[in-house]
>>> print(open('coords-v2.txt').read())   # compact mmCIF, C-alpha atoms and all ligand atoms
# COMPACT_ATOMS: atom_id res chain seq x y z
CA MET A 577 13.66 -18.07 -6.71
CA GLU A 578 11.61 -15.10 -5.44
CA ASN A 579 8.40 -16.91 -6.50
CA LEU A 580 9.18 -19.97 -4.41
CA LYS A 581 6.43 -20.50 -1.82
CA ILE A 582 6.24 -22.40 1.42
CA ASP A 583 3.06 -24.37 2.21
CA GLY A 584 1.48 -22.53 5.15
CA ALA A 585 -1.23 -25.15 5.70
CA ARG A 586 1.33 -27.96 5.92
CA LEU A 587 3.39 -25.93 8.40
CA TRP A 588 0.31 -25.21 10.53
CA ASP A 589 -0.70 -28.90 10.50
CA SER A 590 2.81 -29.91 11.60
CA LEU A 591 2.72 -27.36 14.42
CA MET A 592 -0.66 -28.63 15.62
CA GLU A 593 0.50 -32.27 15.47
CA MET A 594 3.70 -31.46 17.40
CA ALA A 595 1.56 -29.57 19.95
CA GLN A 596 -0.24 -32.84 20.77
CA ILE A 597 2.97 -34.05 22.46
CA GLY A 598 2.64 -32.71 25.99
CA ALA A 599 -0.68 -30.99 25.24
CA THR A 600 -2.29 -29.38 28.30
CA GLU A 601 -6.01 -28.86 28.95
CA LYS A 602 -5.75 -25.08 28.43
CA GLY A 603 -4.32 -25.56 24.93
CA GLY A 604 -0.63 -25.25 25.72
CA VAL A 605 2.19 -27.72 26.09
CA ASN A 606 4.20 -29.09 29.00
CA ARG A 607 7.25 -30.70 27.34
CA LEU A 608 10.15 -30.19 29.76
CA ALA A 609 13.68 -30.79 28.50
CA LEU A 610 14.81 -34.43 28.32
CA THR A 611 11.56 -35.90 29.57
CA ASP A 612 9.83 -38.75 27.72
CA LEU A 613 7.69 -36.10 26.03
CA ASP A 614 10.82 -34.34 24.77
CA ARG A 615 11.97 -37.70 23.42
CA LYS A 616 8.62 -38.19 21.65
CA SER A 617 8.91 -34.76 20.01
CA ARG A 618 12.47 -35.54 18.90
CA ASP A 619 11.34 -38.90 17.47
CA LEU A 620 8.57 -37.19 15.49
CA PHE A 621 10.96 -34.53 14.21
CA THR A 622 13.38 -37.27 13.12
CA ARG A 623 10.66 -39.16 11.23
CA TRP A 624 9.50 -36.04 9.44
CA CYS A 625 13.03 -34.96 8.48
CA GLU A 626 14.02 -38.41 7.23
CA ALA A 627 10.82 -38.51 5.19
CA ALA A 628 11.99 -35.20 3.68
CA GLY A 629 15.28 -36.76 2.65
CA CYS A 630 17.42 -35.38 5.46
CA THR A 631 20.10 -37.21 7.41
CA VAL A 632 19.54 -36.69 11.15
CA THR A 633 22.42 -36.72 13.63
CA TYR A 634 22.78 -35.52 17.23
CA ASP A 635 25.75 -34.40 19.30
CA ALA A 636 27.07 -35.03 22.81
CA ILE A 637 24.51 -32.72 24.42
CA GLY A 638 21.62 -33.91 22.27
CA ASN A 639 21.47 -31.04 19.78
CA MET A 640 19.89 -32.51 16.62
CA PHE A 641 20.92 -31.67 13.03
CA ALA A 642 18.72 -32.63 10.05
CA ARG A 643 20.92 -32.10 6.99
CA ARG A 644 19.64 -31.53 3.44
CA PRO A 645 22.62 -31.98 1.08
CA GLY A 646 23.83 -29.05 -1.01
CA ARG A 647 25.40 -28.95 -4.46
CA ASP A 648 28.77 -28.41 -2.80
CA GLU A 649 29.02 -30.53 0.35
CA SER A 650 32.30 -28.88 1.25
CA LEU A 651 30.51 -25.57 1.96
CA PRO A 652 29.55 -24.91 5.60
CA PRO A 653 25.78 -25.40 6.03
CA VAL A 654 23.17 -22.68 6.40
CA MET A 655 21.57 -23.65 9.68
CA THR A 656 18.12 -22.82 11.00
CA GLY A 657 16.12 -24.10 13.96
CA SER A 658 15.11 -23.50 17.56
CA HIS A 659 13.97 -25.75 20.42
CA LEU A 660 11.28 -28.34 21.22
CA ASP A 661 11.48 -28.19 25.01
CA SER A 662 8.86 -25.98 26.64
CA GLN A 663 7.97 -24.25 29.85
CA PRO A 664 5.77 -26.29 32.24
CA THR A 665 2.83 -24.11 31.20
CA GLY A 666 4.18 -23.22 27.78
CA GLY A 667 2.61 -22.50 24.41
CA LYS A 668 2.37 -24.35 21.10
CA PHE A 669 4.65 -21.95 19.20
CA ASP A 670 7.60 -21.04 21.46
CA GLY A 671 10.51 -22.97 19.92
CA ALA A 672 8.48 -25.48 17.90
CA TYR A 673 7.71 -22.76 15.36
CA GLY A 674 11.38 -22.19 14.53
CA VAL A 675 12.06 -25.92 14.23
CA LEU A 676 9.05 -26.66 12.02
CA ALA A 677 9.50 -23.52 9.91
CA GLY A 678 12.97 -24.85 9.13
CA LEU A 679 11.48 -28.21 8.17
CA GLU A 680 8.87 -26.47 6.00
CA VAL A 681 11.67 -24.67 4.12
CA VAL A 682 13.25 -28.07 3.39
CA ARG A 683 9.88 -29.46 2.26
CA ALA A 684 9.29 -26.43 0.01
CA LEU A 685 12.76 -26.75 -1.56
CA ASN A 686 12.04 -30.46 -2.19
CA ASP A 687 8.65 -29.68 -3.79
CA ALA A 688 10.29 -27.15 -6.12
CA ASP A 689 13.23 -29.46 -6.78
CA VAL A 690 15.58 -26.64 -5.80
CA GLU A 691 19.20 -27.48 -5.08
CA THR A 692 21.11 -25.09 -2.83
CA ASP A 693 24.86 -24.57 -3.16
CA ALA A 694 25.46 -24.96 0.59
CA PRO A 695 23.81 -27.73 2.60
CA VAL A 696 20.85 -26.70 4.79
CA GLU A 697 20.56 -28.01 8.35
CA VAL A 698 17.49 -27.81 10.59
CA VAL A 699 18.52 -27.81 14.25
CA VAL A 700 16.82 -28.73 17.53
CA TRP A 701 18.77 -27.26 20.44
CA THR A 702 18.71 -29.05 23.78
CA ASN A 703 17.29 -27.37 26.91
CA GLU A 704 16.69 -23.88 25.56
CA GLU A 705 14.17 -22.97 28.25
CA GLY A 706 16.35 -23.57 31.29
CA SER A 707 13.19 -24.39 33.23
CA ARG A 708 14.13 -27.93 34.31
CA PHE A 709 17.91 -27.55 33.97
CA ALA A 710 19.25 -24.03 34.60
CA PRO A 711 20.52 -21.94 32.92
CA SER A 712 18.83 -21.33 29.60
CA MET A 713 20.19 -22.19 26.12
CA VAL A 714 22.53 -24.91 27.38
CA GLY A 715 22.62 -26.95 24.14
CA SER A 716 23.46 -24.00 21.91
CA GLY A 717 25.78 -22.61 24.61
CA ALA A 718 27.79 -25.83 24.73
CA TYR A 719 27.82 -25.97 20.90
CA ALA A 720 29.17 -22.39 20.75
CA GLY A 721 31.79 -23.13 23.40
CA VAL A 722 30.25 -20.75 25.95
CA PHE A 723 29.45 -23.59 28.38
CA ASP A 724 31.83 -26.45 29.18
CA LEU A 725 30.33 -29.69 27.87
CA GLU A 726 31.05 -31.84 30.93
CA GLU A 727 29.79 -29.14 33.32
CA SER A 728 26.64 -28.83 31.20
CA LEU A 729 26.02 -32.59 31.31
CA ALA A 730 26.41 -32.46 35.10
CA ILE A 731 23.69 -29.80 35.63
CA GLN A 732 21.04 -31.16 37.99
CA ASP A 733 17.29 -30.53 38.12
CA ARG A 734 15.55 -29.90 41.47
CA ASP A 735 15.15 -33.70 41.90
CA GLY A 736 18.86 -34.41 41.45
CA ASN A 737 18.65 -35.85 37.91
CA THR A 738 21.61 -34.81 35.75
CA LEU A 739 21.16 -33.39 32.26
CA GLY A 740 23.59 -36.01 30.88
CA GLY A 741 21.83 -38.85 32.67
CA GLU A 742 18.44 -37.82 31.30
CA LEU A 743 19.92 -37.38 27.82
CA GLN A 744 21.31 -40.94 28.01
CA ARG A 745 17.96 -42.22 29.31
CA ILE A 746 15.98 -40.82 26.37
CA GLY A 747 18.57 -42.10 23.90
CA TYR A 748 19.77 -38.82 22.38
CA LYS A 749 23.36 -38.60 23.60
CA GLY A 750 25.70 -38.47 20.62
CA GLU A 751 29.37 -37.69 20.06
CA GLY A 752 31.22 -34.38 19.73
CA CYS A 753 29.82 -30.90 20.16
CA GLY A 754 30.29 -27.74 18.14
CA ASN A 755 33.49 -26.58 16.51
CA ARG A 756 31.79 -26.73 13.09
CA PRO A 757 31.65 -23.74 10.70
CA ALA A 758 28.30 -22.51 9.43
CA THR A 759 27.64 -20.14 6.55
CA ALA A 760 24.79 -18.58 8.54
CA TYR A 761 22.18 -19.34 11.18
CA PHE A 762 18.57 -18.08 11.09
CA GLU A 763 15.88 -18.60 13.71
CA ALA A 764 12.18 -17.91 13.30
CA HIS A 765 10.30 -17.28 16.56
CA ILE A 766 7.19 -15.59 17.89
CA GLU A 767 8.07 -12.22 19.45
CA GLN A 768 6.70 -13.19 22.89
CA GLY A 769 5.90 -9.52 23.50
CA PRO A 770 3.33 -6.95 22.26
CA ILE A 771 5.36 -4.67 19.97
CA LEU A 772 4.69 -6.17 16.50
CA GLU A 773 0.98 -6.57 17.21
CA ASP A 774 0.74 -3.01 18.60
CA GLN A 775 2.61 -1.62 15.59
CA LYS A 776 0.56 -3.79 13.17
CA GLN A 777 3.75 -5.32 11.70
CA THR A 778 3.89 -8.87 10.34
CA ILE A 779 7.65 -9.39 10.50
CA GLY A 780 10.19 -8.39 13.13
CA VAL A 781 13.67 -7.93 11.65
CA VAL A 782 15.60 -8.80 14.79
CA SER A 783 18.76 -6.72 15.21
CA GLY A 784 19.87 -8.42 18.43
CA ALA A 785 18.85 -9.45 21.95
CA GLN A 786 19.00 -7.82 25.37
CA GLY A 787 21.38 -9.00 28.09
CA GLN A 788 20.27 -11.36 30.88
CA ARG A 789 21.43 -12.38 34.36
CA TRP A 790 19.97 -15.22 36.46
CA TYR A 791 20.39 -15.61 40.24
CA GLU A 792 19.68 -18.27 42.85
CA ILE A 793 19.26 -16.95 46.39
CA THR A 794 18.88 -19.07 49.54
CA LEU A 795 17.94 -17.46 52.87
CA THR A 796 18.37 -19.51 56.04
CA GLY A 797 16.74 -18.53 59.34
CA ARG A 798 15.29 -20.76 62.04
CA GLU A 799 12.21 -22.93 61.90
CA SER A 800 10.15 -22.48 65.06
CA HIS A 801 6.61 -22.68 66.34
CA ALA A 802 4.21 -20.04 64.92
CA GLY A 803 2.45 -19.76 68.30
CA PRO A 804 4.84 -19.38 71.22
CA THR A 805 7.72 -17.70 69.33
CA PRO A 806 7.66 -13.93 70.04
CA MET A 807 7.86 -11.68 66.95
CA ALA A 808 11.00 -9.97 68.29
CA VAL A 809 13.12 -13.13 68.28
CA ARG A 810 12.05 -14.70 65.00
CA ARG A 811 14.42 -15.47 62.11
CA ASP A 812 11.79 -15.76 59.42
CA ALA A 813 13.33 -16.61 56.02
CA LEU A 814 10.12 -15.84 54.15
CA VAL A 815 9.97 -12.29 55.54
CA GLY A 816 13.50 -11.75 54.23
CA ALA A 817 12.51 -13.22 50.87
CA ALA A 818 9.47 -10.95 50.70
CA SER A 819 11.77 -7.92 51.09
CA ILE A 820 13.88 -9.20 48.19
CA VAL A 821 10.82 -9.77 45.98
CA THR A 822 9.79 -6.16 46.62
CA ALA A 823 13.34 -4.96 45.92
CA VAL A 824 13.51 -6.89 42.61
CA ASN A 825 10.33 -5.24 41.43
CA ARG A 826 11.56 -1.81 42.54
CA ILE A 827 14.88 -2.29 40.71
CA GLY A 828 12.95 -3.21 37.55
CA HIS A 829 11.09 0.10 37.73
CA ASP A 830 14.14 2.14 38.83
CA PHE A 831 16.11 1.03 35.74
CA GLN A 832 13.58 2.07 33.13
CA PRO A 833 13.60 2.35 30.23
CA GLY A 834 14.55 -1.18 29.31
CA ALA A 835 14.85 -3.18 32.53
CA CYS A 836 12.89 -6.35 33.26
CA ALA A 837 13.04 -7.96 36.71
CA THR A 838 11.27 -11.15 37.80
CA VAL A 839 11.17 -13.55 40.73
CA GLY A 840 9.90 -16.69 39.02
CA MET A 841 10.54 -19.42 41.60
CA ILE A 842 10.18 -19.34 45.38
CA GLU A 843 10.27 -22.42 47.62
CA SER A 844 9.63 -21.94 51.32
CA SER A 845 10.38 -24.77 53.75
CA PRO A 846 9.05 -26.58 55.60
CA ASN A 847 5.98 -24.91 54.02
CA SER A 848 3.73 -25.77 56.97
CA ARG A 849 1.11 -23.28 58.08
CA ASN A 850 2.11 -23.22 61.75
CA VAL A 851 5.91 -23.29 61.35
CA ILE A 852 8.01 -20.16 60.86
CA PRO A 853 9.85 -20.73 57.52
CA GLY A 854 13.45 -21.71 58.18
CA GLU A 855 14.68 -21.64 54.59
CA VAL A 856 13.65 -20.03 51.32
CA PHE A 857 15.08 -20.70 47.83
CA MET A 858 14.26 -18.13 45.16
CA THR A 859 15.34 -17.15 41.64
CA VAL A 860 15.79 -13.73 40.04
CA ASP A 861 15.75 -13.02 36.29
CA PHE A 862 17.15 -9.61 35.23
CA ARG A 863 17.18 -8.30 31.62
CA HIS A 864 18.36 -5.04 30.06
CA PRO A 865 19.55 -3.97 26.56
CA ASP A 866 22.51 -2.16 28.16
CA ASP A 867 25.10 -4.32 29.94
CA ASP A 868 26.28 -1.45 32.18
CA ARG A 869 22.72 -0.94 33.46
CA LEU A 870 22.45 -4.70 34.02
CA ALA A 871 25.63 -4.56 36.13
CA ALA A 872 24.16 -1.70 38.19
CA MET A 873 20.97 -3.72 38.70
CA ASN A 874 23.15 -6.56 39.96
CA ASP A 875 24.76 -4.27 42.56
CA ALA A 876 21.37 -3.00 43.70
CA LEU A 877 20.07 -6.55 44.09
CA ARG A 878 23.07 -7.73 46.09
CA ALA A 879 22.74 -4.71 48.44
CA ALA A 880 19.02 -5.35 48.92
CA ALA A 881 19.57 -9.04 49.63
CA GLU A 882 22.28 -8.28 52.22
CA GLU A 883 20.01 -5.71 53.90
CA ALA A 884 17.06 -8.17 53.99
CA ALA A 885 19.27 -10.89 55.50
CA ALA A 886 20.70 -8.56 58.16
CA ALA A 887 17.28 -7.17 59.12
CA ASN A 888 15.91 -10.68 59.74
CA THR A 889 19.08 -12.34 61.12
CA LEU A 890 19.33 -14.70 58.18
CA GLU A 891 22.21 -16.41 56.42
CA LEU A 892 22.40 -15.38 52.77
CA ASP A 893 23.64 -17.54 49.91
CA PHE A 894 23.62 -15.25 46.84
CA ASN A 895 24.68 -16.77 43.50
CA GLN A 896 24.64 -15.29 40.02
CA ILE A 897 24.34 -18.53 38.06
CA TRP A 898 24.30 -17.07 34.55
CA SER A 899 25.17 -13.92 32.66
CA CYS A 900 24.55 -13.41 28.96
CA PRO A 901 25.56 -10.02 27.53
CA ALA A 902 23.46 -8.08 25.03
CA THR A 903 23.93 -9.41 21.47
CA VAL A 904 24.01 -7.67 18.07
CA PHE A 905 23.23 -9.89 15.04
CA ASP A 906 25.22 -9.97 11.79
CA ALA A 907 24.36 -7.04 9.50
CA ASP A 908 24.26 -9.22 6.34
CA CYS A 909 21.92 -11.72 7.97
CA VAL A 910 19.71 -8.94 9.31
CA GLY A 911 19.73 -7.54 5.77
CA ALA A 912 18.75 -10.92 4.31
CA VAL A 913 15.77 -11.06 6.69
CA ARG A 914 14.73 -7.52 5.78
CA LYS A 915 15.06 -8.35 2.06
CA GLY A 916 12.96 -11.47 2.58
CA ALA A 917 10.24 -9.38 4.20
CA GLU A 918 10.37 -6.93 1.26
CA ILE A 919 10.16 -9.76 -1.31
CA GLY A 920 7.16 -11.13 0.55
CA GLY A 921 5.60 -7.68 0.72
CA TYR A 922 5.17 -7.95 4.51
CA ALA A 923 4.95 -4.98 6.87
CA HIS A 924 8.12 -5.17 8.90
CA MET A 925 10.14 -3.31 11.51
CA ASP A 926 13.48 -3.69 13.29
CA ILE A 927 13.19 -5.02 16.82
CA VAL A 928 15.47 -6.10 19.69
CA SER A 929 14.57 -9.42 21.28
CA GLY A 930 13.40 -9.22 24.89
CA ALA A 931 13.74 -12.99 25.21
CA GLY A 932 16.87 -15.09 24.99
CA HIS A 933 17.16 -17.48 22.05
CA ASP A 934 19.64 -20.06 20.78
CA ALA A 935 20.48 -17.52 18.08
CA VAL A 936 22.20 -15.47 20.80
CA TYR A 937 24.82 -18.20 21.22
CA MET A 938 24.96 -19.13 17.54
CA ALA A 939 25.87 -15.46 16.90
CA LYS A 940 29.18 -16.20 18.60
CA VAL A 941 30.16 -18.83 15.99
CA ALA A 942 28.28 -17.90 12.80
CA PRO A 943 26.65 -14.92 11.05
CA THR A 944 23.19 -14.97 12.62
CA GLY A 945 19.76 -13.42 12.12
CA MET A 946 16.26 -13.88 13.53
CA ILE A 947 12.74 -13.44 12.21
CA PHE A 948 9.90 -12.56 14.60
CA VAL A 949 6.18 -12.85 14.01
CA PRO A 950 3.48 -11.43 16.33
CA CYS A 951 1.76 -13.47 19.03
CA GLU A 952 -1.72 -12.66 20.31
CA ASP A 953 -1.67 -9.88 22.95
CA GLY A 954 2.10 -10.43 23.15
CA ILE A 955 1.51 -13.36 25.50
CA SER A 956 3.97 -16.28 25.74
CA HIS A 957 5.25 -18.67 28.43
CA ASN A 958 1.54 -19.20 28.94
CA GLU A 959 -0.75 -21.99 27.72
CA ILE A 960 -2.97 -19.49 25.87
CA GLU A 961 -0.01 -18.42 23.65
CA ASN A 962 -1.41 -17.97 20.14
CA ALA A 963 -0.47 -16.77 16.63
CA THR A 964 -2.31 -16.55 13.31
CA SER A 965 -1.63 -19.08 10.54
CA GLU A 966 -1.06 -16.12 8.20
CA ASP A 967 1.71 -14.65 10.36
CA ILE A 968 3.23 -18.10 10.96
CA ALA A 969 3.35 -18.66 7.19
CA ALA A 970 4.74 -15.16 6.52
CA GLY A 971 7.63 -15.70 8.91
CA CYS A 972 8.43 -19.02 7.27
CA GLN A 973 8.30 -17.43 3.81
CA VAL A 974 10.83 -14.83 4.94
CA LEU A 975 12.97 -17.62 6.40
CA LEU A 976 12.95 -19.36 3.00
CA HIS A 977 14.16 -16.20 1.27
CA ALA A 978 16.83 -15.53 3.91
CA ILE A 979 18.17 -19.09 3.69
CA LEU A 980 18.29 -18.97 -0.12
CA ASP A 981 20.05 -15.60 0.09
CA ARG A 982 22.87 -17.19 2.10
CA ALA A 983 22.84 -20.76 0.72
CA GLY A 984 22.35 -19.94 -2.98
CA GLY A 985 19.51 -21.76 -4.74
CA HIS A 986 18.95 -23.03 -8.30
O1 LIG B 1 13.99 -16.92 29.05
C1 LIG B 1 14.02 -16.72 27.84
O2 LIG B 1 14.18 -15.60 27.38
C2 LIG B 1 13.82 -17.85 26.87
O3 LIG B 1 12.43 -18.02 26.68
N1 LIG B 1 14.38 -19.08 27.35
MN MN B 2 11.87 -19.93 22.71
MN MN B 3 10.64 -19.78 25.95
>>> encode(input="coords-v2.txt", output="structure tokens")
Amino acid sequence: MENLKIDGARLWDSLMEMAQIGATEKGGVNRLALTDLDRKSRDLFTRWCEAAGCTVTYDAIGNMFARRPGRDESLPPVMTGSHLDSQPTGGKFDGAYGVLAGLEVVRALNDADVETDAPVEVVVWTNEEGSRFAPSMVGSGAYAGVFDLEESLAIQDRDGNTLGGELQRIGYKGEGCGNRPATAYFEAHIEQGPILEDQKQTIGVVSGAQGQRWYEITLTGRESHAGPTPMAVRRDALVGAASIVTAVNRIGHDFQPGACATVGMIESSPNSRNVIPGEVFMTVDFRHPDDDRLAAMNDALRAAAEEAAAANTLELDFNQIWSCPATVFDADCVGAVRKGAEIGGYAHMDIVSGAGHDAVYMAKVAPTGMIFVPCEDGISHNEIENATSEDIAAGCQVLLHAILDRAGGH
């Protein structure tokens, strides 16, 4: 089995074809969860998997499962996959790589006429990005029982569309969700940071992922005329928000090493140049490998928000909408990834994921491991996101070995 090879050119071609769905002028993709473009990507994935002899099903939150039968259908499947939804200015590889690497493993097993003991399933998780429907990783979270299914289906986007309604509209709402054993879950992904490239390593043997917390903050002051309203009596929501943006950045630096702190969204209303902003909505994304430090960052943020509201006579609505603790992956799965890198002869190093992935939630219900490959300049969540075909193929080759290690192959 160690001589079994994936077809890197076929994988690259599939990635480039998938990247045409939602392609942007700068070479990225805009394929938001449960839009018509998401549906198109799901349809293409289904066609490819059925052509590879898989049976494709989907569950009540639209997670898709392309199943390649095993010698013993009673064994829990070895699952692999990622997501097809993207950021609004996302890249070609974030998510799609893990999905299509899983498909390439199936294609390579078919070419070599290899039968695995356990079935193999390639998975597309719904709404991993959390960009349109917050929070992140909702499909895998519902599957793992972390999120309530009905509450997840009721999540609304900023235009009031519900996740469940959009899922129904694109025709991918199935039955049931989760509560299914798996022998193992592996996810291949670009690192989305600079470490592997800096260290000149081809494979990241991912030992786990850092913790995350997401917040939504609304500040309410008083709209009034930018001309006659004296500075001393203003209740300017944007001035309060600016203090919080500065505080978020300061907290990120104060909690080094390890902390990441970002204000990604800010909406000021009425957003008119000669009206003092009456209301501001903003988001905060905190990350840290240590949950206790993340909790302390939370306290610092809440204090800063209360101080900013008081100083500008604003009402404060402060909500932590999501918390995901730091995760450690299964030692045997991490070992299978490391062994796969050794078989392939790839330079490799252990690494903790800075980003969240569906593997974080699958780790709650199955032995889980991840494989990282470098991305150019460590850039992701950006249309210029790029990776080399050699690294993309290497990660898929390691995925093949890891899956065979857990599924048994003959
Ligand atoms: O935000 C994340 O870490 C992931 O890209 N959804
Ligand atoms: Mn991703
Ligand atoms: Mn992403």
>>> residues_near_point(input="coords-v2.txt", point="(12.2, -6.7, 37.9)", cutoff="8 Å", atoms="all atoms listed in the file", output="VMD selection string")
chain A and resid 824 to 829 835 to 839 861 to 862
>>> write_last_selection(input="coords-v2.txt", atoms="C-alpha atoms", output="compact mmCIF listing (two decimals), keeping the file's coordinate frame")
# COMPACT_ATOMS: atom_id res chain seq x y z
CA VAL A 824 13.51 -6.89 42.61
CA ASN A 825 10.33 -5.24 41.43
CA ARG A 826 11.56 -1.81 42.54
CA ILE A 827 14.88 -2.29 40.71
CA GLY A 828 12.95 -3.21 37.55
CA HIS A 829 11.09 0.10 37.73
CA ALA A 835 14.85 -3.18 32.53
CA CYS A 836 12.89 -6.35 33.26
CA ALA A 837 13.04 -7.96 36.71
CA THR A 838 11.27 -11.15 37.80
CA VAL A 839 11.17 -13.55 40.73
CA ASP A 861 15.75 -13.02 36.29
CA PHE A 862 17.15 -9.61 35.23
>>> residues_around(input="coords-v2.txt", residues="Glu578 in chain A", least_positions_apart="2", cutoff="10 Å", atoms="all atoms listed in the file", output="PyMOL selection string")
chain A and resi 580-581+916+919-920+976-977+980
>>> atom_distance(input="coords-v2.txt", atom1="CA of Pro695 in chain A", atom2="CA of Glu593 in chain A")
27.0 Å
>>> residues_near_ligand(input="coords-v2.txt", ligand="ligand MN 3 (chain B)", cutoff="7 Å", atoms="only C-alpha atoms and all ligand atoms", output="ChimeraX atom specification")
/A:662-663,670-671,705,957
>>> write_last_selection(input="coords-v2.txt", atoms="C-alpha atoms", output="short mmCIF file (atom, residue, chain, number, x, y, z; two decimals), keeping the file's coordinate frame")
data_model
loop_
_atom_site.label_atom_id
_atom_site.label_comp_id
_atom_site.auth_asym_id
_atom_site.auth_seq_id
_atom_site.Cartn_x
_atom_site.Cartn_y
_atom_site.Cartn_z
CA SER A 662 8.86 -25.98 26.64
CA GLN A 663 7.97 -24.25 29.85
CA ASP A 670 7.60 -21.04 21.46
CA GLY A 671 10.51 -22.97 19.92
CA GLU A 705 14.17 -22.97 28.25
CA HIS A 957 5.25 -18.67 28.43
#
>>> atom_distance(input="coords-v2.txt", atom1="CA of Gly840 in chain A", atom2="CA of Asn962 in chain A")
22.0 Å
>>> residues_near_ligand(input="coords-v2.txt", ligand="ligand LIG 1 (chain B)", cutoff="6 Å", atoms="all atoms listed in the file", output="list of chain:residue names")
A:Glu704, A:Glu705, A:Ser712, A:Ala931, A:Gly932, A:His933
